file work-v5.txt (compact mmCIF, C-alpha atoms)
# COMPACT_ATOMS: atom_id res chain seq x y z
CA MET A 1 105.12 53.92 116.58
CA THR A 2 104.11 56.83 114.36
CA THR A 3 102.46 59.70 116.21
CA LYS A 4 99.08 60.62 114.77
CA HIS A 5 98.45 64.30 114.14
CA ALA A 6 95.51 66.07 115.73
CA ALA A 7 92.27 65.80 113.76
CA VAL A 8 89.49 68.06 112.54
CA LEU A 9 86.30 66.01 112.24
CA PHE A 10 83.91 67.40 109.65
CA ASP A 11 80.22 66.78 109.26
CA VAL A 12 79.45 66.95 105.52
CA ASP A 13 75.75 67.66 104.87
CA GLY A 14 75.09 71.35 105.50
CA THR A 15 78.67 71.92 106.66
CA LEU A 16 80.73 71.26 103.54
CA VAL A 17 78.02 70.53 100.94
CA ASP A 18 74.82 72.53 100.41
CA SER A 19 72.47 69.57 100.81
CA ASN A 20 70.23 70.15 103.82
CA TYR A 21 67.30 71.64 101.96
CA LEU A 22 67.47 68.92 99.31
CA HIS A 23 67.14 66.44 102.17
CA VAL A 24 64.13 68.36 103.52
CA CYS A 25 62.44 68.25 100.12
CA ALA A 26 63.21 64.53 99.67
CA TRP A 27 61.84 63.69 103.12
CA LEU A 28 58.74 65.82 102.55
CA ARG A 29 58.03 63.94 99.31
CA ALA A 30 58.63 60.62 101.07
CA PHE A 31 56.21 61.40 103.89
CA HIS A 32 53.61 62.61 101.38
CA ALA A 33 53.99 59.41 99.33
CA GLU A 34 53.37 57.32 102.45
CA ASN A 35 50.38 59.47 103.52
CA VAL A 36 52.12 60.42 106.75
CA HIS A 37 51.57 64.09 107.52
CA THR A 38 54.40 66.25 108.74
CA ASP A 39 55.46 69.82 108.06
CA GLY A 40 58.58 70.91 106.22
CA TRP A 41 59.85 72.97 109.13
CA ARG A 42 59.62 69.96 111.44
CA ILE A 43 61.71 67.95 109.01
CA HIS A 44 64.29 70.71 108.87
CA ARG A 45 64.54 70.68 112.65
CA CYS A 46 65.51 67.00 112.47
CA ILE A 47 68.05 67.22 109.65
CA GLY A 48 71.39 65.99 110.92
CA MET A 49 69.78 63.26 113.02
CA ASP A 50 70.34 59.62 112.25
CA GLY A 51 67.80 58.69 109.54
CA THR A 52 66.11 56.03 111.65
CA THR A 53 65.76 58.46 114.54
CA LEU A 54 64.33 61.09 112.17
CA VAL A 55 61.56 58.89 110.81
CA ARG A 56 60.66 57.56 114.26
CA THR A 57 60.48 61.13 115.56
CA LEU A 58 58.25 62.38 112.75
CA ALA A 59 56.15 59.35 111.81
CA GLY A 60 54.42 58.86 115.13
CA ASN A 61 53.10 55.35 115.57
CA ALA A 62 53.70 54.22 111.99
CA GLY A 63 54.74 50.59 111.61
CA GLN A 64 58.24 49.41 110.80
CA ASP A 65 57.29 48.70 107.18
CA VAL A 66 56.26 52.35 106.76
CA LEU A 67 59.45 53.57 108.44
CA ASP A 68 61.53 51.44 106.09
CA ARG A 69 59.69 52.71 103.02
CA LEU A 70 60.10 56.31 104.17
CA LYS A 71 63.87 55.88 104.23
CA GLU A 72 63.87 54.14 100.85
CA ARG A 73 61.73 56.86 99.26
CA HIS A 74 63.89 59.59 100.77
CA SER A 75 66.99 58.02 99.20
CA GLU A 76 65.23 57.78 95.84
CA TYR A 77 64.04 61.39 95.84
CA TYR A 78 67.36 62.69 97.15
CA ARG A 79 69.24 60.94 94.31
CA GLU A 80 66.95 62.68 91.82
CA SER A 81 68.13 66.07 93.10
CA ALA A 82 71.84 65.19 93.32
CA LYS A 83 72.68 67.38 90.32
CA LEU A 84 71.83 70.41 92.48
CA LEU A 85 74.47 69.59 95.10
CA ALA A 86 77.40 71.99 95.40
CA PRO A 87 80.20 72.65 97.87
CA LEU A 88 79.42 75.41 100.34
CA PRO A 89 81.57 78.56 100.11
CA GLY A 90 85.11 77.90 101.30
CA ALA A 91 84.56 74.18 101.96
CA ARG A 92 87.27 72.87 99.65
CA ASP A 93 89.78 75.51 100.69
CA LEU A 94 89.07 74.80 104.36
CA LEU A 95 89.78 71.08 103.95
CA ARG A 96 92.98 71.82 102.07
CA ARG A 97 94.09 74.38 104.65
CA VAL A 98 93.55 71.93 107.50
CA ALA A 99 95.74 69.39 105.70
CA ASP A 100 98.39 72.05 104.95
CA LEU A 101 98.55 72.81 108.69
CA GLY A 102 99.55 69.20 109.29
CA LEU A 103 96.21 68.20 110.80
CA GLN A 104 94.06 65.27 109.76
CA ALA A 105 90.89 66.21 107.87
CA VAL A 106 88.31 63.54 108.71
CA LEU A 107 84.84 63.27 107.16
CA ALA A 108 82.83 62.20 110.21
CA THR A 109 79.46 61.63 108.61
CA SER A 110 76.73 59.05 109.04
CA ALA A 111 75.53 59.38 105.45
CA PRO A 112 74.73 56.10 103.67
CA GLU A 113 77.51 54.85 101.39
CA ASP A 114 75.75 55.83 98.15
CA GLU A 115 75.06 59.38 99.39
CA LEU A 116 78.58 59.64 100.76
CA GLN A 117 80.06 58.73 97.39
CA THR A 118 78.08 61.53 95.76
CA LEU A 119 79.14 64.00 98.45
CA ARG A 120 82.79 63.04 97.98
CA GLU A 121 82.50 63.59 94.24
CA VAL A 122 80.96 67.02 94.83
CA LEU A 123 83.71 67.99 97.27
CA ASP A 124 86.48 66.59 95.05
CA CYS A 125 88.97 66.71 97.94
CA ASP A 126 89.73 63.06 98.65
CA GLU A 127 93.45 63.72 98.32
CA VAL A 128 93.48 65.78 101.54
CA VAL A 129 91.03 63.64 103.53
CA SER A 130 92.73 61.20 105.88
CA GLU A 131 89.75 59.16 107.16
CA ILE A 132 86.04 58.78 106.41
CA THR A 133 83.08 57.32 108.30
CA SER A 134 79.61 56.37 107.06
CA SER A 135 76.30 54.97 108.28
CA GLU A 136 77.75 51.46 108.03
CA ASP A 137 80.06 52.19 110.97
CA VAL A 138 77.35 52.59 113.62
CA ASP A 139 73.88 51.31 114.45
CA THR A 140 72.60 54.73 115.54
CA ALA A 141 74.25 58.03 114.69
CA LYS A 142 73.85 61.61 115.91
CA PRO A 143 72.89 62.83 118.42
CA LYS A 144 74.49 59.72 119.94
CA PRO A 145 78.29 60.04 120.05
CA ASP A 146 79.11 56.75 118.31
CA ILE A 147 80.07 58.19 114.92
CA VAL A 148 82.33 60.76 116.60
CA GLN A 149 84.07 58.00 118.52
CA VAL A 150 84.54 55.96 115.35
CA ALA A 151 86.10 59.01 113.68
CA LEU A 152 88.47 59.49 116.62
CA ASP A 153 89.45 55.83 116.50
CA ARG A 154 90.06 55.96 112.75
CA ALA A 155 92.21 59.07 113.18
CA GLY A 156 94.04 57.45 116.08
CA VAL A 157 93.62 60.43 118.41
CA GLY A 158 91.89 61.18 121.70
CA ALA A 159 89.11 63.69 122.23
CA GLN A 160 91.59 66.29 123.51
CA ASP A 161 93.40 66.22 120.14
CA ALA A 162 90.35 66.82 117.97
CA VAL A 163 87.62 69.30 117.15
CA PHE A 164 84.29 68.65 115.42
CA VAL A 165 82.90 71.05 112.79
CA GLY A 166 79.17 70.77 112.10
CA ASP A 167 76.00 72.68 111.29
CA ALA A 168 73.33 71.09 113.52
CA VAL A 169 72.58 70.94 117.22
CA TRP A 170 72.87 67.15 116.82
CA ASP A 171 76.49 67.57 115.74
CA CYS A 172 77.35 69.67 118.78
CA GLU A 173 75.51 67.34 121.14
CA ALA A 174 77.18 64.23 119.72
CA ALA A 175 80.61 65.86 119.94
CA ALA A 176 80.00 66.93 123.54
CA ARG A 177 78.96 63.40 124.51
CA ALA A 178 82.23 62.14 123.03
CA GLY A 179 84.19 64.79 124.92
CA VAL A 180 85.17 66.65 121.75
CA ALA A 181 85.01 70.44 121.38
CA SER A 182 82.81 71.64 118.52
CA ILE A 183 82.70 74.53 116.08
CA ALA A 184 79.46 75.24 114.22
CA VAL A 185 78.47 76.95 110.98
CA LEU A 186 75.16 78.58 110.06
CA SER A 187 75.03 77.06 106.56
CA GLY A 188 72.71 74.28 107.72
CA GLY A 189 69.99 76.74 108.64
CA VAL A 190 70.18 76.49 112.45
CA SER A 191 70.37 79.65 114.54
CA ARG A 192 73.53 80.87 116.21
CA GLY A 193 71.91 80.81 119.65
CA GLU A 194 70.77 77.20 119.34
CA LEU A 195 74.21 76.07 118.22
CA TYR A 196 75.87 77.79 121.18
CA GLU A 197 73.27 76.31 123.51
CA ALA A 198 74.02 72.84 122.11
CA GLY A 199 77.69 73.27 123.04
CA ALA A 200 79.46 74.96 120.12
CA MET A 201 82.52 76.93 121.28
CA ASP A 202 82.43 79.16 118.16
CA VAL A 203 79.86 79.76 115.43
CA PHE A 204 80.67 81.04 111.92
CA GLU A 205 78.62 81.92 108.84
CA ASP A 206 80.02 79.08 106.73
CA ALA A 207 83.22 77.20 105.94
CA GLY A 208 84.67 80.27 104.23
CA ASP A 209 84.10 82.44 107.29
CA LEU A 210 85.70 79.78 109.48
CA LEU A 211 88.67 79.60 107.12
CA ALA A 212 89.19 83.37 107.26
CA LYS A 213 89.32 83.27 111.08
CA LEU A 214 90.99 79.89 111.47
CA ASP A 215 94.00 81.03 113.51
CA SER A 216 91.78 82.22 116.37
CA THR A 217 89.87 78.94 116.64
CA ARG A 218 90.40 75.55 118.20
CA ILE A 219 91.74 74.41 114.82
CA GLY A 220 94.44 77.07 114.96
CA GLU A 221 95.23 75.99 118.52
CA LEU A 222 95.64 72.37 117.45
CA ALA A 223 97.91 73.41 114.60
CA ARG A 224 100.14 75.49 116.88
CA ARG A 225 100.31 72.65 119.36
CA ALA A 226 101.41 70.28 116.59
CA THR A 227 104.28 72.54 115.53
CA GLY A 228 105.17 74.00 118.92

call {"tool": "encode", "arguments": {"input": "work-v5.txt", "output": "structure tokens"}}
result
Amino acid sequence: MTTKHAAVLFDVDGTLVDSNYLHVCAWLRAFHAENVHTDGWRIHRCIGMDGTTLVRTLAGNAGQDVLDRLKERHSEYYRESAKLLAPLPGARDLLRRVADLGLQAVLATSAPEDELQTLREVLDCDEVVSEITSSEDVDTAKPKPDIVQVALDRAGVGAQDAVFVGDAVWDCEAAARAGVASIAVLSGGVSRGELYEAGAMDVFEDAGDLLAKLDSTRIGELARRATG
């Protein structure tokens, strides 16, 4: 039986691709179109949550038909802004470095398939990505740990042989519930203190900052263990 290498599980939105504020704008337009009042900052606080959880959190007692339309409108408005998507600084180089170290680079996202395809095209790093998850793999995503567990299963490793890299408190909480250590980045717009409080073992400015300090992190530890 072939031994699977340790894995680095990456969130994508806000961690590798600069998309969080496009999501905020798309959600804000969706809520406005459905005459459901919410504030932009409240939406931002929920970015990284499972989409169903987000609309239930922000839409109060709205009926299921409204919740469904909110998600549909968000997808529509988000697609309109897709041309503004770009990799965050260092994201591509970080993925390639992880692969060069002999570790598995796994995209552990709960993005819908159509959004995921766009994100993959923006990253343009499929050749170094070993496994990918999407919203189709779980009923409810972050902060529940299901998507993290699916990513571990796809990579064929246990929690002790993985680390999760994300930008939201929901990422850190989901990783912790799955027993996986987490590293966080500030590129999603969440404060350093909140990320530490949610369970992050290290917090960096962005993917580029993490890459520059990689040897001193859990990722460096996993790489040394693999070659030791």

call {"tool": "residues_around", "arguments": {"input": "work-v5.txt", "residues": "Arg154 in chain A", "least_positions_apart": "2", "cutoff": "9 Å", "atoms": "only C-alpha atoms", "output": "list in words"}}
result
Val106, Glu131, Ile132, Thr133, Gln149, Val150, Ala151, Leu152, Gly156 and Val157 of chain A

call {"tool": "closest_residue", "arguments": {"input": "work-v5.txt", "among": "A:Val55, A:Ile43, A:Val165, A:Leu195", "to": "Ala108 in chain A", "atoms": "all atoms listed in the file"}}
result
A:Val165

call {"tool": "closest_residue", "arguments": {"input": "work-v5.txt", "among": "A:Ala162, A:Gln104, A:Arg69, A:Gly188", "to": "His23 in chain A", "atoms": "only C-alpha atoms"}}
result
A:Gly188

call {"tool": "atom_distance", "arguments": {"input": "work-v5.txt", "atom1": "CA of Gly63 in chain A", "atom2": "CA of Gly40 in chain A"}}
result
21.4 Å

call {"tool": "closest_residue", "arguments": {"input": "work-v5.txt", "among": "A:Leu94, A:Leu186, A:Ala82, A:Val163", "to": "Arg218 in chain A", "atoms": "all atoms listed in the file"}}
result
A:Val163

call {"tool": "closest_residue", "arguments": {"input": "work-v5.txt", "among": "A:Asp202, A:Leu70, A:Gly158, A:Thr52", "to": "Leu214 in chain A", "atoms": "only C-alpha atoms"}}
result
A:Asp202

call {"tool": "closest_residue", "arguments": {"input": "work-v5.txt", "among": "A:Asn20, A:Thr118, A:Ser110, A:Ser187", "to": "Gly51 in chain A", "atoms": "all atoms listed in the file"}}
result
A:Ser110

call {"tool": "atom_distance", "arguments": {"input": "work-v5.txt", "atom1": "CA of Pro112 in chain A", "atom2": "CA of Ala207 in chain A"}}
result
22.9 Å

call {"tool": "atom_distance", "arguments": {"input": "work-v5.txt", "atom1": "CA of Asn35 in chain A", "atom2": "CA of Glu80 in chain A"}}
result
20.5 Å

call {"tool": "residues_around", "arguments": {"input": "work-v5.txt", "residues": "Ala99 in chain A", "least_positions_apart": "2", "cutoff": "12 Å", "atoms": "all atoms listed in the file", "output": "PDB file with C-alpha atoms, keeping the file's coordinate frame"}}
result
ATOM      1  CA  HIS A   5      98.450  64.300 114.140  1.00  0.00           C
ATOM      2  CA  ALA A   6      95.510  66.070 115.730  1.00  0.00           C
ATOM      3  CA  ALA A   7      92.270  65.800 113.760  1.00  0.00           C
ATOM      4  CA  VAL A   8      89.490  68.060 112.540  1.00  0.00           C
ATOM      5  CA  LEU A   9      86.300  66.010 112.240  1.00  0.00           C
ATOM      6  CA  ARG A  92      87.270  72.870  99.650  1.00  0.00           C
ATOM      7  CA  ASP A  93      89.780  75.510 100.690  1.00  0.00           C
ATOM      8  CA  LEU A  94      89.070  74.800 104.360  1.00  0.00           C
ATOM      9  CA  LEU A  95      89.780  71.080 103.950  1.00  0.00           C
ATOM     10  CA  ARG A  96      92.980  71.820 102.070  1.00  0.00           C
ATOM     11  CA  ARG A  97      94.090  74.380 104.650  1.00  0.00           C
ATOM     12  CA  LEU A 101      98.550  72.810 108.690  1.00  0.00           C
ATOM     13  CA  GLY A 102      99.550  69.200 109.290  1.00  0.00           C
ATOM     14  CA  LEU A 103      96.210  68.200 110.800  1.00  0.00           C
ATOM     15  CA  GLN A 104      94.060  65.270 109.760  1.00  0.00           C
ATOM     16  CA  ALA A 105      90.890  66.210 107.870  1.00  0.00           C
ATOM     17  CA  VAL A 106      88.310  63.540 108.710  1.00  0.00           C
ATOM     18  CA  CYS A 125      88.970  66.710  97.940  1.00  0.00           C
ATOM     19  CA  ASP A 126      89.730  63.060  98.650  1.00  0.00           C
ATOM     20  CA  GLU A 127      93.450  63.720  98.320  1.00  0.00           C
ATOM     21  CA  VAL A 128      93.480  65.780 101.540  1.00  0.00           C
ATOM     22  CA  VAL A 129      91.030  63.640 103.530  1.00  0.00           C
ATOM     23  CA  SER A 130      92.730  61.200 105.880  1.00  0.00           C
ATOM     24  CA  GLU A 131      89.750  59.160 107.160  1.00  0.00           C
ATOM     25  CA  ILE A 219      91.740  74.410 114.820  1.00  0.00           C
ATOM     26  CA  ALA A 223      97.910  73.410 114.600  1.00  0.00           C
TER      27      ALA A 223
END

call {"tool": "residues_around", "arguments": {"input": "work-v5.txt", "residues": "Asp18 in chain A", "least_positions_apart": "6", "cutoff": "7 Å", "atoms": "all atoms listed in the file", "output": "list in words"}}
result
Leu85, Ala86, Pro87 and Leu88 of chain A

call {"tool": "closest_residue", "arguments": {"input": "work-v5.txt", "among": "A:Leu123, A:Val148, A:Ala200, A:Val169", "to": "Gly90 in chain A", "atoms": "only C-alpha atoms"}}
result
A:Leu123

call {"tool": "residues_around", "arguments": {"input": "work-v5.txt", "residues": "Ala91 in chain A", "least_positions_apart": "6", "cutoff": "9 Å", "atoms": "all atoms listed in the file", "output": "list of chain:residue names"}}
result
A:Thr15, A:Leu16, A:Val17, A:Leu123, A:Asp206, A:Ala207, A:Gly208, A:Leu211

call {"tool": "residues_around", "arguments": {"input": "work-v5.txt", "residues": "Tyr77 in chain A", "least_positions_apart": "3", "cutoff": "9 Å", "atoms": "all atoms listed in the file", "output": "PyMOL selection string"}}
result
chain A and resi 22-23+25-27+29-30+72-74+80-81

call {"tool": "write_last_selection", "arguments": {"input": "work-v5.txt", "atoms": "C-alpha atoms", "output": "JSON list (two decimals), in the coordinates of the input"}}
result
[["chain", "number", "residue", "atom", "x", "y", "z"],
["A", 22, "LEU", "CA", 67.47, 68.92, 99.31],
["A", 23, "HIS", "CA", 67.14, 66.44, 102.17],
["A", 25, "CYS", "CA", 62.44, 68.25, 100.12],
["A", 26, "ALA", "CA", 63.21, 64.53, 99.67],
["A", 27, "TRP", "CA", 61.84, 63.69, 103.12],
["A", 29, "ARG", "CA", 58.03, 63.94, 99.31],
["A", 30, "ALA", "CA", 58.63, 60.62, 101.07],
["A", 72, "GLU", "CA", 63.87, 54.14, 100.85],
["A", 73, "ARG", "CA", 61.73, 56.86, 99.26],
["A", 74, "HIS", "CA", 63.89, 59.59, 100.77],
["A", 80, "GLU", "CA", 66.95, 62.68, 91.82],
["A", 81, "SER", "CA", 68.13, 66.07, 93.10]]

call {"tool": "axis_aligned_box", "arguments": {"input": "work-v5.txt", "around": "range 48-62 of chain A", "padding_each_side": "3 Å", "output": "AutoDock Vina command-line options"}}
result
--center_x 62.2 --center_y 60.1 --center_z 112.6 --size_x 24.3 --size_y 17.8 --size_z 12.0

call {"tool": "build_atoms", "arguments": {"input": "work-v5.txt", "residues": "range 109-120 of chain A", "atoms": "all heavy atoms", "output": "mmCIF file, keeping the file's coordinate frame"}}
result
data_model
loop_
_atom_site.group_PDB
_atom_site.id
_atom_site.type_symbol
_atom_site.label_atom_id
_atom_site.label_comp_id
_atom_site.auth_asym_id
_atom_site.auth_seq_id
_atom_site.Cartn_x
_atom_site.Cartn_y
_atom_site.Cartn_z
ATOM 1 N N THR A 109 80.870 61.570 108.996
ATOM 2 C CA THR A 109 79.460 61.630 108.610
ATOM 3 C C THR A 109 78.802 60.273 108.805
ATOM 4 O O THR A 109 79.468 59.239 108.779
ATOM 5 C CB THR A 109 79.326 62.055 107.128
ATOM 6 O OG1 THR A 109 77.953 61.994 106.737
ATOM 7 C CG2 THR A 109 80.127 61.137 106.218
ATOM 8 N N SER A 110 77.493 60.292 108.979
ATOM 9 C CA SER A 110 76.730 59.050 109.040
ATOM 10 C C SER A 110 75.874 58.867 107.798
ATOM 11 O O SER A 110 74.887 58.144 107.814
ATOM 12 C CB SER A 110 75.855 59.024 110.302
ATOM 13 O OG SER A 110 75.007 60.152 110.333
ATOM 14 N N ALA A 111 76.257 59.544 106.713
ATOM 15 C CA ALA A 111 75.530 59.380 105.450
ATOM 16 C C ALA A 111 75.667 57.954 104.938
ATOM 17 O O ALA A 111 76.712 57.324 105.103
ATOM 18 C CB ALA A 111 76.079 60.355 104.409
ATOM 19 N N PRO A 112 74.616 57.418 104.302
ATOM 20 C CA PRO A 112 74.730 56.100 103.670
ATOM 21 C C PRO A 112 75.824 56.111 102.609
ATOM 22 O O PRO A 112 76.152 57.167 102.053
ATOM 23 C CB PRO A 112 73.348 55.888 103.038
ATOM 24 C CG PRO A 112 72.439 56.812 103.787
ATOM 25 C CD PRO A 112 73.270 57.998 104.158
ATOM 26 N N GLU A 113 76.364 54.951 102.296
ATOM 27 C CA GLU A 113 77.510 54.850 101.390
ATOM 28 C C GLU A 113 77.229 55.488 100.026
ATOM 29 O O GLU A 113 78.103 56.153 99.465
ATOM 30 C CB GLU A 113 77.929 53.396 101.212
ATOM 31 C CG GLU A 113 78.694 52.821 102.387
ATOM 32 C CD GLU A 113 80.107 53.391 102.500
ATOM 33 O OE1 GLU A 113 80.588 53.999 101.528
ATOM 34 O OE2 GLU A 113 80.717 53.203 103.561
ATOM 35 N N ASP A 114 76.027 55.277 99.479
ATOM 36 C CA ASP A 114 75.750 55.830 98.150
ATOM 37 C C ASP A 114 75.703 57.354 98.192
ATOM 38 O O ASP A 114 76.245 58.027 97.300
ATOM 39 C CB ASP A 114 74.453 55.259 97.581
ATOM 40 C CG ASP A 114 73.239 55.515 98.465
ATOM 41 O OD1 ASP A 114 73.405 55.726 99.683
ATOM 42 O OD2 ASP A 114 72.104 55.484 97.937
ATOM 43 N N GLU A 115 75.086 57.919 99.252
ATOM 44 C CA GLU A 115 75.060 59.380 99.390
ATOM 45 C C GLU A 115 76.452 59.915 99.642
ATOM 46 O O GLU A 115 76.832 60.966 99.111
ATOM 47 C CB GLU A 115 74.122 59.788 100.527
ATOM 48 C CG GLU A 115 72.653 59.528 100.249
ATOM 49 C CD GLU A 115 71.775 59.964 101.408
ATOM 50 O OE1 GLU A 115 72.240 60.759 102.260
ATOM 51 O OE2 GLU A 115 70.613 59.517 101.464
ATOM 52 N N LEU A 116 77.224 59.201 100.448
ATOM 53 C CA LEU A 116 78.580 59.640 100.760
ATOM 54 C C LEU A 116 79.433 59.701 99.506
ATOM 55 O O LEU A 116 80.218 60.650 99.323
ATOM 56 C CB LEU A 116 79.204 58.697 101.784
ATOM 57 C CG LEU A 116 80.671 58.952 102.148
ATOM 58 C CD1 LEU A 116 80.863 60.358 102.697
ATOM 59 C CD2 LEU A 116 81.148 57.915 103.160
ATOM 60 N N GLN A 117 79.286 58.721 98.627
ATOM 61 C CA GLN A 117 80.060 58.730 97.390
ATOM 62 C C GLN A 117 79.750 59.966 96.565
ATOM 63 O O GLN A 117 80.652 60.611 95.998
ATOM 64 C CB GLN A 117 79.771 57.459 96.579
ATOM 65 C CG GLN A 117 80.582 57.347 95.293
ATOM 66 C CD GLN A 117 82.078 57.382 95.527
ATOM 67 O OE1 GLN A 117 82.581 56.781 96.483
ATOM 68 N NE2 GLN A 117 82.802 58.101 94.668
ATOM 69 N N THR A 118 78.467 60.322 96.497
ATOM 70 C CA THR A 118 78.080 61.530 95.760
ATOM 71 C C THR A 118 78.661 62.773 96.416
ATOM 72 O O THR A 118 79.183 63.665 95.721
ATOM 73 C CB THR A 118 76.541 61.632 95.703
ATOM 74 O OG1 THR A 118 76.010 60.483 95.051
ATOM 75 C CG2 THR A 118 76.110 62.882 94.959
ATOM 76 N N LEU A 119 78.598 62.845 97.735
ATOM 77 C CA LEU A 119 79.140 64.000 98.450
ATOM 78 C C LEU A 119 80.640 64.129 98.222
ATOM 79 O O LEU A 119 81.165 65.237 98.046
ATOM 80 C CB LEU A 119 78.837 63.882 99.942
ATOM 81 C CG LEU A 119 77.365 63.948 100.344
ATOM 82 C CD1 LEU A 119 77.196 63.567 101.817
ATOM 83 C CD2 LEU A 119 76.787 65.338 100.084
ATOM 84 N N ARG A 120 81.341 63.017 98.219
ATOM 85 C CA ARG A 120 82.790 63.040 97.980
ATOM 86 C C ARG A 120 83.099 63.529 96.582
ATOM 87 O O ARG A 120 84.058 64.287 96.370
ATOM 88 C CB ARG A 120 83.377 61.654 98.211
ATOM 89 C CG ARG A 120 83.374 61.233 99.669
ATOM 90 C CD ARG A 120 83.746 59.783 99.858
ATOM 91 N NE ARG A 120 85.126 59.508 99.456
ATOM 92 C CZ ARG A 120 85.689 58.314 99.517
ATOM 93 N NH1 ARG A 120 84.995 57.275 99.968
ATOM 94 N NH2 ARG A 120 86.932 58.143 99.147
#
